[in-house]
>>> print(open('protein_8.cif').read())   # mmCIF, C-alpha atoms
data_upload
#
loop_
_atom_site.label_atom_id
_atom_site.label_comp_id
_atom_site.auth_asym_id
_atom_site.auth_seq_id
_atom_site.Cartn_x
_atom_site.Cartn_y
_atom_site.Cartn_z
CA MET A 1 0.50 2.08 -14.88
CA ARG A 2 -0.13 4.02 -11.70
CA THR A 3 -3.43 3.78 -9.86
CA THR A 4 -3.91 7.54 -10.04
CA ILE A 5 -3.48 7.50 -13.83
CA LEU A 6 -6.07 4.76 -14.22
CA PHE A 7 -8.60 6.72 -12.20
CA GLU A 8 -8.40 9.58 -14.71
CA VAL A 9 -10.52 7.54 -17.15
CA LEU A 10 -13.45 7.33 -14.71
CA PRO A 11 -15.45 10.21 -16.21
CA ALA A 12 -15.22 8.74 -19.71
CA LEU A 13 -16.14 5.24 -18.55
CA SER A 14 -19.04 6.45 -16.46
CA PHE A 15 -20.33 8.51 -19.39
CA LEU A 16 -20.21 5.48 -21.69
CA CYS A 17 -22.24 3.46 -19.16
CA LEU A 18 -24.61 6.38 -18.73
CA ASN A 19 -25.08 6.75 -22.47
CA LEU A 20 -25.90 3.04 -22.77
CA ILE A 21 -28.54 3.32 -20.05
CA ALA A 22 -29.95 6.42 -21.70
CA ARG A 23 -30.32 4.58 -24.99
CA LEU A 24 -32.10 1.73 -23.24
CA HIS A 25 -34.57 4.34 -21.96
CA ASN A 26 -34.88 5.80 -25.46
CA LEU A 27 -33.25 9.07 -24.40
CA ASN A 28 -30.99 10.87 -26.88
CA LEU A 29 -28.67 12.57 -24.40
CA PRO A 30 -25.70 14.47 -25.87
CA ARG A 31 -22.29 14.55 -24.18
CA GLN A 32 -22.68 18.24 -23.37
CA LEU A 33 -25.72 17.41 -21.27
CA PHE A 34 -23.51 15.94 -18.55
CA CYS A 35 -20.41 18.07 -19.04
CA ALA A 36 -21.94 21.55 -19.06
CA GLY A 37 -25.40 21.23 -17.55
CA ILE A 38 -27.18 21.79 -20.88
CA ARG A 39 -30.65 20.48 -21.67
CA ARG A 40 -32.75 19.73 -24.68
CA ASP A 41 -36.28 21.02 -24.90
CA ASP A 42 -39.32 18.84 -24.42
CA ASP A 43 -38.66 17.15 -27.75
CA ILE A 44 -35.72 15.27 -26.18
CA ARG A 45 -37.17 11.85 -26.98
CA THR A 46 -37.22 12.41 -30.74
CA GLY A 47 -33.74 13.94 -30.91
CA ARG A 48 -35.04 16.97 -32.87
CA GLY A 49 -34.82 19.45 -30.02
CA THR A 50 -32.35 22.35 -29.81
CA LEU A 51 -29.72 22.78 -27.10
CA LYS A 52 -30.34 25.43 -24.47
CA THR A 53 -27.79 26.68 -21.92
CA GLU A 54 -29.96 26.04 -18.89
CA LYS A 55 -29.95 23.75 -15.90
CA ILE A 56 -31.29 20.30 -16.59
CA ILE A 57 -34.93 20.28 -15.68
CA ASN A 58 -36.13 17.32 -17.69
CA ASN A 59 -37.21 14.65 -15.22
CA LYS A 60 -36.32 11.88 -17.64
CA ALA A 61 -32.63 12.85 -17.46
CA ARG A 62 -32.42 13.91 -13.81
CA PHE A 63 -32.60 10.35 -12.46
CA LEU A 64 -29.32 9.54 -14.22
CA TYR A 65 -27.15 11.76 -12.03
CA PRO A 66 -27.22 9.50 -8.92
CA LEU A 67 -26.74 6.58 -11.28
CA GLN A 68 -23.61 8.18 -12.71
CA ARG A 69 -22.10 8.46 -9.22
CA ILE A 70 -22.90 4.82 -8.48
CA ILE A 71 -21.27 3.73 -11.74
CA SER A 72 -18.15 5.75 -10.98
CA GLN A 73 -17.87 4.27 -7.49
CA ASN A 74 -18.17 0.74 -8.84
CA ILE A 75 -15.54 1.41 -11.51
CA VAL A 76 -13.16 2.54 -8.72
CA ILE A 77 -13.74 -0.75 -6.89
CA ILE A 78 -13.23 -2.79 -10.07
CA MET A 79 -9.98 -0.97 -10.86
CA LYS A 80 -8.65 -1.54 -7.35
CA LEU A 81 -9.44 -5.25 -7.58
CA PHE A 82 -7.75 -5.40 -10.99
CA LEU A 83 -4.61 -3.72 -9.66
CA LEU A 84 -4.40 -5.97 -6.62
CA LYS A 85 -4.98 -9.15 -8.62
CA TYR A 86 -2.75 -8.49 -11.61
CA MET A 87 -0.27 -5.83 -10.50
CA GLY A 88 0.50 -6.66 -6.88
CA LYS A 89 -0.34 -4.80 -3.69
CA ILE A 90 2.20 -2.34 -2.29
CA ILE A 91 2.23 -2.22 1.52
CA THR A 92 4.51 0.23 3.30
CA ILE A 93 5.54 -0.77 6.82
CA VAL A 94 5.91 2.52 8.64
CA ASN A 95 6.25 4.11 12.06
CA GLN A 96 8.50 7.09 12.70
CA LYS A 97 9.34 5.66 16.14
CA GLY A 98 12.33 3.33 16.14
CA GLY A 99 12.46 -0.10 17.74
CA VAL A 100 8.79 -1.01 17.21
CA GLY A 101 9.41 -4.03 14.98
CA LYS A 102 9.16 -2.61 11.44
CA THR A 103 12.09 -4.56 10.00
CA THR A 104 11.30 -7.69 12.01
CA THR A 105 7.78 -7.56 10.60
CA ALA A 106 8.98 -6.94 7.03
CA VAL A 107 11.39 -9.91 7.12
CA ASN A 108 9.11 -12.42 8.80
CA LEU A 109 5.78 -11.46 7.28
CA ALA A 110 7.34 -11.56 3.80
CA ALA A 111 8.93 -14.94 4.53
CA SER A 112 5.63 -16.32 5.85
CA LEU A 113 3.79 -15.24 2.70
CA ALA A 114 6.57 -16.66 0.52
CA LEU A 115 6.12 -19.96 2.37
CA ALA A 116 2.49 -19.82 1.20
CA GLU A 117 3.87 -19.67 -2.39
CA GLN A 118 3.07 -16.00 -2.86
CA ASP A 119 5.60 -14.08 -4.98
CA ILE A 120 6.94 -11.41 -2.64
CA LEU A 121 9.27 -8.44 -3.01
CA VAL A 122 10.67 -6.50 -0.06
CA ILE A 123 12.29 -3.09 -0.55
CA ASP A 124 14.76 -1.84 2.04
CA THR A 125 14.56 1.97 2.20
CA ASP A 126 16.46 2.27 5.49
CA PRO A 127 20.14 3.32 5.12
CA GLN A 128 20.95 1.06 8.08
CA GLY A 129 20.15 -1.91 5.82
CA ASN A 130 18.88 -4.20 8.58
CA LEU A 131 16.28 -5.76 6.28
CA THR A 132 19.01 -6.52 3.76
CA SER A 133 21.32 -8.21 6.26
CA GLY A 134 18.35 -9.89 7.98
CA LEU A 135 17.69 -11.83 4.77
CA GLY A 136 21.30 -12.93 4.47
CA VAL A 137 22.39 -10.43 1.80
CA SER A 138 25.91 -9.04 2.21
CA ARG A 139 25.85 -5.27 1.65
CA GLU A 140 29.58 -5.23 0.88
CA ASP A 141 29.13 -7.48 -2.18
CA LEU A 142 26.27 -5.56 -3.77
CA GLU A 143 26.68 -4.35 -7.35
CA LYS A 144 23.36 -2.46 -7.41
CA SER A 145 21.14 -1.19 -4.63
CA LEU A 146 18.10 1.01 -4.09
CA PHE A 147 20.34 4.07 -4.11
CA ASP A 148 21.29 3.33 -7.74
CA VAL A 149 17.58 3.26 -8.60
CA TYR A 150 17.03 6.65 -6.96
CA ALA A 151 20.10 8.05 -8.71
CA GLY A 152 18.84 6.82 -12.10
CA ARG A 153 21.82 4.52 -12.63
CA CYS A 154 19.73 1.37 -13.05
CA GLU A 155 16.19 0.03 -13.32
CA MET A 156 14.49 -1.61 -10.37
CA ARG A 157 14.77 -5.07 -11.94
CA GLU A 158 18.57 -4.66 -12.18
CA ALA A 159 18.83 -4.17 -8.41
CA LEU A 160 16.57 -7.12 -7.57
CA ILE A 161 18.14 -10.07 -5.72
CA MET A 162 16.67 -13.50 -4.98
CA THR A 163 16.97 -14.61 -1.35
CA VAL A 164 17.54 -18.10 -0.01
CA MET A 165 13.76 -18.53 0.20
CA GLU A 166 11.85 -19.40 -2.93
CA HIS A 167 9.31 -16.72 -3.94
CA LEU A 168 11.08 -14.07 -1.80
CA ASN A 169 13.07 -11.27 -3.47
CA ILE A 170 14.66 -8.07 -2.21
CA ILE A 171 15.78 -4.65 -3.39
CA PRO A 172 18.70 -4.11 -0.96
CA SER A 173 19.86 -0.99 0.79
CA THR A 174 23.27 0.50 1.53
CA ILE A 175 24.53 3.42 3.62
CA ASP A 176 24.55 5.44 0.36
CA LEU A 177 20.82 6.04 0.85
CA LEU A 178 21.77 8.77 3.31
CA GLY A 179 22.60 10.88 0.24
CA VAL A 180 19.20 10.52 -1.45
CA GLU A 181 17.96 13.97 -0.44
CA VAL A 182 21.03 15.56 -1.98
CA GLU A 183 20.72 13.37 -5.09
CA LEU A 184 17.09 14.37 -5.60
CA ALA A 185 17.42 18.01 -4.54
CA GLY A 186 16.68 19.53 -7.94
CA ARG A 187 14.44 16.82 -9.39
CA GLU A 188 10.77 17.50 -10.10
CA GLU A 189 8.23 15.24 -8.38
CA ARG A 190 10.98 13.73 -6.28
CA GLU A 191 8.40 12.17 -3.97
CA ASN A 192 7.26 9.93 -6.87
CA VAL A 193 10.65 8.41 -7.77
CA LEU A 194 10.16 5.13 -5.89
CA GLY A 195 6.59 4.60 -7.07
CA SER A 196 7.54 5.15 -10.71
CA ALA A 197 10.41 2.68 -10.38
CA ILE A 198 8.18 0.02 -8.82
CA ASP A 199 5.70 0.27 -11.70
CA SER A 200 8.09 -1.54 -14.05
CA ILE A 201 8.07 -4.73 -11.93
CA ARG A 202 4.83 -4.49 -9.99
CA GLU A 203 2.93 -7.11 -12.01
CA LYS A 204 5.53 -9.78 -11.13
CA PHE A 205 4.63 -9.89 -7.44
CA ARG A 206 1.56 -10.56 -5.32
CA TYR A 207 2.77 -8.34 -2.49
CA ILE A 208 5.47 -5.68 -2.31
CA PHE A 209 6.55 -4.61 1.17
CA ILE A 210 8.52 -1.39 1.75
CA ASP A 211 10.48 -1.16 4.99
CA CYS A 212 10.91 2.45 6.11
CA PRO A 213 13.53 4.19 8.26
CA PRO A 214 12.45 5.53 11.68
CA SER A 215 11.81 9.04 10.37
CA LEU A 216 9.41 10.99 8.17
CA GLY A 217 11.93 12.23 5.60
CA LEU A 218 12.06 11.91 1.83
CA LEU A 219 12.65 8.14 1.86
CA THR A 220 9.54 7.54 3.95
CA LEU A 221 7.54 10.04 1.89
CA ASN A 222 8.42 8.17 -1.32
CA ALA A 223 7.33 4.92 0.32
CA LEU A 224 3.97 6.43 1.36
CA VAL A 225 3.30 7.92 -2.09
CA ALA A 226 4.11 4.58 -3.75
CA ALA A 227 1.90 2.53 -1.41
CA ASP A 228 -1.64 1.23 -1.70
CA SER A 229 -1.78 0.88 2.07
CA VAL A 230 0.30 1.07 5.24
CA LEU A 231 0.94 -1.52 7.90
CA ILE A 232 1.76 0.10 11.24
CA PRO A 233 3.63 -1.88 13.91
CA VAL A 234 2.92 -0.51 17.39
CA GLN A 235 5.01 -1.53 20.37
CA CYS A 236 2.90 -2.21 23.44
CA GLU A 237 4.17 0.68 25.55
CA TYR A 238 2.93 4.18 26.44
CA TYR A 239 5.09 6.28 24.10
CA ALA A 240 3.99 4.17 21.15
CA LEU A 241 0.48 5.62 21.47
CA GLU A 242 1.83 9.15 21.08
CA GLY A 243 3.79 8.13 17.99
CA LEU A 244 0.71 6.50 16.50
CA GLY A 245 -1.24 9.73 16.84
CA GLN A 246 1.48 11.70 15.04
CA LEU A 247 1.67 9.11 12.26
CA THR A 248 -2.07 9.21 11.57
CA LYS A 249 -1.80 12.99 11.13
CA THR A 250 1.02 12.48 8.62
CA LEU A 251 -1.07 9.94 6.70
CA ARG A 252 -3.92 12.46 6.45
CA LEU A 253 -1.52 15.03 4.99
CA VAL A 254 -0.22 12.53 2.43
CA ARG A 255 -3.76 11.56 1.44
CA GLY A 256 -4.71 15.20 1.05
CA SER A 257 -1.94 16.16 -1.35
CA LEU A 258 0.06 13.23 -2.71
CA ASN A 259 -1.77 9.88 -2.51
CA SER A 260 -5.51 10.12 -2.05
CA ASN A 261 -5.93 6.33 -2.30
CA LEU A 262 -3.63 5.53 0.65
CA GLU A 263 -5.36 3.30 3.21
CA ILE A 264 -4.45 1.70 6.51
CA GLU A 265 -3.88 -1.98 5.81
CA GLY A 266 -3.71 -2.77 9.49
CA ILE A 267 -2.17 -1.99 12.86
CA LEU A 268 0.03 -4.69 14.35
CA LEU A 269 0.67 -4.90 18.08
CA THR A 270 4.27 -5.99 18.71
CA MET A 271 6.49 -6.91 21.67
CA PHE A 272 3.40 -7.89 23.65
CA ASP A 273 4.03 -9.26 27.13
CA PRO A 274 0.87 -10.76 28.69
CA ARG A 275 2.46 -10.51 32.15
CA ASN A 276 2.74 -6.74 31.79
CA ASN A 277 -0.34 -4.69 32.68
CA LEU A 278 0.82 -1.83 30.43
CA SER A 279 0.89 -4.11 27.39
CA GLN A 280 -2.71 -5.09 28.03
CA GLU A 281 -3.76 -1.47 28.57
CA VAL A 282 -2.11 -0.38 25.31
CA GLU A 283 -3.86 -3.19 23.45
CA VAL A 284 -7.24 -2.12 24.84
CA GLU A 285 -6.67 1.53 23.88
CA VAL A 286 -5.47 0.79 20.35
CA ARG A 287 -8.37 -1.58 19.67
CA LYS A 288 -10.79 0.97 21.13
CA HIS A 289 -9.62 3.75 18.79
CA PHE A 290 -8.93 1.75 15.60
CA GLY A 291 -11.40 -1.13 15.85
CA ASP A 292 -11.11 -3.80 13.16
CA LYS A 293 -8.05 -2.10 11.65
CA VAL A 294 -6.05 -3.77 14.45
CA TYR A 295 -4.97 -7.29 13.56
CA THR A 296 -6.24 -10.13 15.72
CA THR A 297 -2.71 -11.53 15.70
CA VAL A 298 -0.38 -10.05 18.32
CA ILE A 299 3.41 -10.43 18.10
CA PRO A 300 4.84 -11.45 21.50
CA ARG A 301 8.20 -10.63 22.99
CA ASN A 302 10.29 -13.57 21.85
CA VAL A 303 14.00 -14.32 22.07
CA THR A 304 14.15 -16.12 18.71
CA LEU A 305 12.85 -13.03 16.88
CA GLY A 306 15.91 -11.19 18.15
CA GLU A 307 18.35 -14.03 17.46
CA ALA A 308 17.34 -14.90 13.89
CA PRO A 309 18.71 -11.70 12.22
CA SER A 310 22.22 -12.43 13.50
CA TYR A 311 22.15 -15.57 11.38
CA GLY A 312 20.79 -13.73 8.33
CA LYS A 313 17.57 -15.73 8.40
CA PRO A 314 13.85 -15.16 8.88
CA VAL A 315 12.66 -16.72 12.12
CA LEU A 316 10.87 -19.42 10.08
CA LEU A 317 14.24 -20.80 8.95
CA TYR A 318 15.79 -20.34 12.38
CA ASP A 319 13.13 -21.93 14.59
CA ILE A 320 9.72 -22.45 13.00
CA ARG A 321 8.30 -23.86 16.23
CA SER A 322 8.97 -20.68 18.21
CA LYS A 323 6.14 -18.39 19.29
CA GLY A 324 7.57 -15.61 17.14
CA ALA A 325 7.52 -17.75 13.98
CA GLN A 326 4.02 -19.00 14.67
CA SER A 327 2.71 -15.49 15.29
CA TYR A 328 3.98 -14.24 11.91
CA LEU A 329 2.53 -17.30 10.16
CA SER A 330 -0.78 -16.41 11.80
CA LEU A 331 -0.46 -12.79 10.63
CA ALA A 332 0.26 -13.93 7.06
CA LYS A 333 -2.85 -16.09 7.07
CA GLU A 334 -4.90 -13.17 8.41
CA ILE A 335 -3.65 -10.87 5.63
CA LEU A 336 -4.32 -13.49 2.94
CA ASN A 337 -7.85 -13.98 4.26
CA GLU A 338 -8.52 -10.22 4.32
CA ASN A 339 -7.26 -9.85 0.76
CA GLY A 340 -9.29 -12.73 -0.61
CA ALA A 341 -6.46 -15.23 -0.94
CA GLY A 342 -6.95 -17.31 2.16
CA GLN A 343 -7.60 -20.56 0.37
CA GLY A 344 -4.51 -22.56 -0.17
CA ALA A 345 -2.45 -20.51 2.28
#
>>> encode(input="protein_8.cif", output="structure tokens")
Amino acid sequence: MRTTILFEVLPALSFLCLNLIARLHNLNLPRQLFCAGIRRDDDIRTGRGTLKTEKIINNKARFLYPLQRIISQNIVIIMKLFLLKYMGKIITIVNQKGGVGKTTTAVNLAASLALAEQDILVIDTDPQGNLTSGLGVSREDLEKSLFDVYAGRCEMREALIMTVMEHLNIIPSTIDLLGVEVELAGREERENVLGSAIDSIREKFRYIFIDCPPSLGLLTLNALVAADSVLIPVQCEYYALEGLGQLTKTLRLVRGSLNSNLEIEGILLTMFDPRNNLSQEVEVEVRKHFGDKVYTTVIPRNVTLGEAPSYGKPVLLYDIRSKGAQSYLSLAKEILNENGAGQGA
């Protein structure tokens, strides 16, 4: 069940709570009172009054309006907690700029969380398929891939593959994804295809990470509409700041029309070189503008992070003692702590 669908029941739930409170205060308040701004006359307490099409002026009922808003807000929070606990959290790793560490982050963050015995799914939405090969999956031997899900040829669970790491699963990508826009050209709500497909398996995983291509096309749009939040890797160089500004504008547009619940999970500084003054200046600027949305963990420039994909392994399985591996373990712990699952990590 999609988050947006669940939120449609808020008015009914808030009215039920409101009606209960009204009864506790010995107020006989009809449903129309809150739906159409109708009031009873002064005989409201006895229930014998007649309905009048006027603004509510009875002081005994007026205090309930702020209360209704508070109830609705709390129901939103409860529903979000329910979804994250029982249906998994969908985090899209996105930045339209290439070479910032999106795929490296998807592979190694997912592996680090799997090491903490969290059930993890990663979805490769990049036609280049670097996430797929980075986890040791041969694209030539695939029977089903994400493209088949988009084309309606299979369900998401049929394309799912277990990796060499326990608790870590992947929906692989192939070069066929380049044809998604043509495949979906005449389909209604084509931006919701990925999110609808994920719904069928969402409850099986604690976290679902979606790795995006370095563009803002239909594949990335589907990933943003499906997501609860976005994780934004930012390379510590000047042009990365410009790209970050453009991305935040895109996120506002998506929130305004397609996914109002989309949040920024966090901003991750990558390829940080402490010997480089520019890296330090970029870190200062990003933290200044985004505050606590920027992770404390910083991913350094590290040779092993670049070598591990050539062996089809996360850096944890290649060299767990390396600075790159330790930094992603630290990031995983930070994310678990922020999402209320730090104990036992």
>>> closest_residue(input="protein_8.cif", among="A:Asn261, A:Gln235, A:Ser330, A:Ser310", to="Ser133 (chain A)", atoms="all atoms listed in the file")
A:Ser310
>>> atom_distance(input="protein_8.cif", atom1="CA of Gly195 (chain A)", atom2="CA of Glu334 (chain A)")
26.2 Å
>>> resolve_selection(input="protein_8.cif", expression="the PyMOL selection byres ((chain A and resi 161) around 10)", output="list in words")
Leu121, Val137, Leu142, Lys144, Ser145, Arg157, Glu158, Ala159, Leu160, Met162, Thr163, Val164, Leu168, Asn169, Ile170, Ile171 and Pro172 of chain A
>>> resolve_selection(input="protein_8.cif", expression="the PyMOL selection byres ((chain A and resi 126-128) around 7)", output="list in words")
Asp124, Thr125, Gly129, Asn130, Ser173, Thr174, Ile175, Asp176, Leu177, Leu178, Asp211, Cys212 and Pro213 of chain A
>>> resolve_selection(input="protein_8.cif", expression="the PyMOL selection byres ((chain A and resi 85-95) around 9)", output="mmCIF file with C-alpha atoms, keeping the file's coordinate frame")
data_model
loop_
_atom_site.group_PDB
_atom_site.id
_atom_site.type_symbol
_atom_site.label_atom_id
_atom_site.label_comp_id
_atom_site.auth_asym_id
_atom_site.auth_seq_id
_atom_site.Cartn_x
_atom_site.Cartn_y
_atom_site.Cartn_z
ATOM 1 C CA LYS A 80 -8.650 -1.540 -7.350
ATOM 2 C CA LEU A 81 -9.440 -5.250 -7.580
ATOM 3 C CA PHE A 82 -7.750 -5.400 -10.990
ATOM 4 C CA LEU A 83 -4.610 -3.720 -9.660
ATOM 5 C CA LEU A 84 -4.400 -5.970 -6.620
ATOM 6 C CA GLN A 96 8.500 7.090 12.700
ATOM 7 C CA LYS A 97 9.340 5.660 16.140
ATOM 8 C CA GLY A 98 12.330 3.330 16.140
ATOM 9 C CA VAL A 100 8.790 -1.010 17.210
ATOM 10 C CA LYS A 102 9.160 -2.610 11.440
ATOM 11 C CA THR A 103 12.090 -4.560 10.000
ATOM 12 C CA THR A 105 7.780 -7.560 10.600
ATOM 13 C CA ALA A 106 8.980 -6.940 7.030
ATOM 14 C CA ASP A 199 5.700 0.270 -11.700
ATOM 15 C CA ILE A 201 8.070 -4.730 -11.930
ATOM 16 C CA ARG A 202 4.830 -4.490 -9.990
ATOM 17 C CA GLU A 203 2.930 -7.110 -12.010
ATOM 18 C CA LYS A 204 5.530 -9.780 -11.130
ATOM 19 C CA PHE A 205 4.630 -9.890 -7.440
ATOM 20 C CA ARG A 206 1.560 -10.560 -5.320
ATOM 21 C CA TYR A 207 2.770 -8.340 -2.490
ATOM 22 C CA ILE A 208 5.470 -5.680 -2.310
ATOM 23 C CA PHE A 209 6.550 -4.610 1.170
ATOM 24 C CA ILE A 210 8.520 -1.390 1.750
ATOM 25 C CA ASP A 211 10.480 -1.160 4.990
ATOM 26 C CA CYS A 212 10.910 2.450 6.110
ATOM 27 C CA PRO A 213 13.530 4.190 8.260
ATOM 28 C CA PRO A 214 12.450 5.530 11.680
ATOM 29 C CA SER A 215 11.810 9.040 10.370
ATOM 30 C CA LEU A 216 9.410 10.990 8.170
ATOM 31 C CA THR A 220 9.540 7.540 3.950
ATOM 32 C CA ALA A 223 7.330 4.920 0.320
ATOM 33 C CA LEU A 224 3.970 6.430 1.360
ATOM 34 C CA ALA A 226 4.110 4.580 -3.750
ATOM 35 C CA ALA A 227 1.900 2.530 -1.410
ATOM 36 C CA ASP A 228 -1.640 1.230 -1.700
ATOM 37 C CA SER A 229 -1.780 0.880 2.070
ATOM 38 C CA VAL A 230 0.300 1.070 5.240
ATOM 39 C CA LEU A 231 0.940 -1.520 7.900
ATOM 40 C CA ILE A 232 1.760 0.100 11.240
ATOM 41 C CA PRO A 233 3.630 -1.880 13.910
ATOM 42 C CA VAL A 234 2.920 -0.510 17.390
ATOM 43 C CA GLY A 243 3.790 8.130 17.990
ATOM 44 C CA LEU A 244 0.710 6.500 16.500
ATOM 45 C CA LEU A 247 1.670 9.110 12.260
ATOM 46 C CA GLU A 265 -3.880 -1.980 5.810
#
>>> atom_distance(input="protein_8.cif", atom1="CA of Glu307 (chain A)", atom2="CA of Met271 (chain A)")
14.5 Å
>>> atom_distance(input="protein_8.cif", atom1="CA of Glu191 (chain A)", atom2="CA of Leu221 (chain A)")
6.3 Å
>>> residues_around(input="protein_8.cif", residues="Lys333 (chain A)", least_positions_apart="3", cutoff="12 Å", atoms="all atoms listed in the file", output="MDAnalysis selection string")
chainID A and resid 109:110 112:116 118 295:297 326:330 336:345
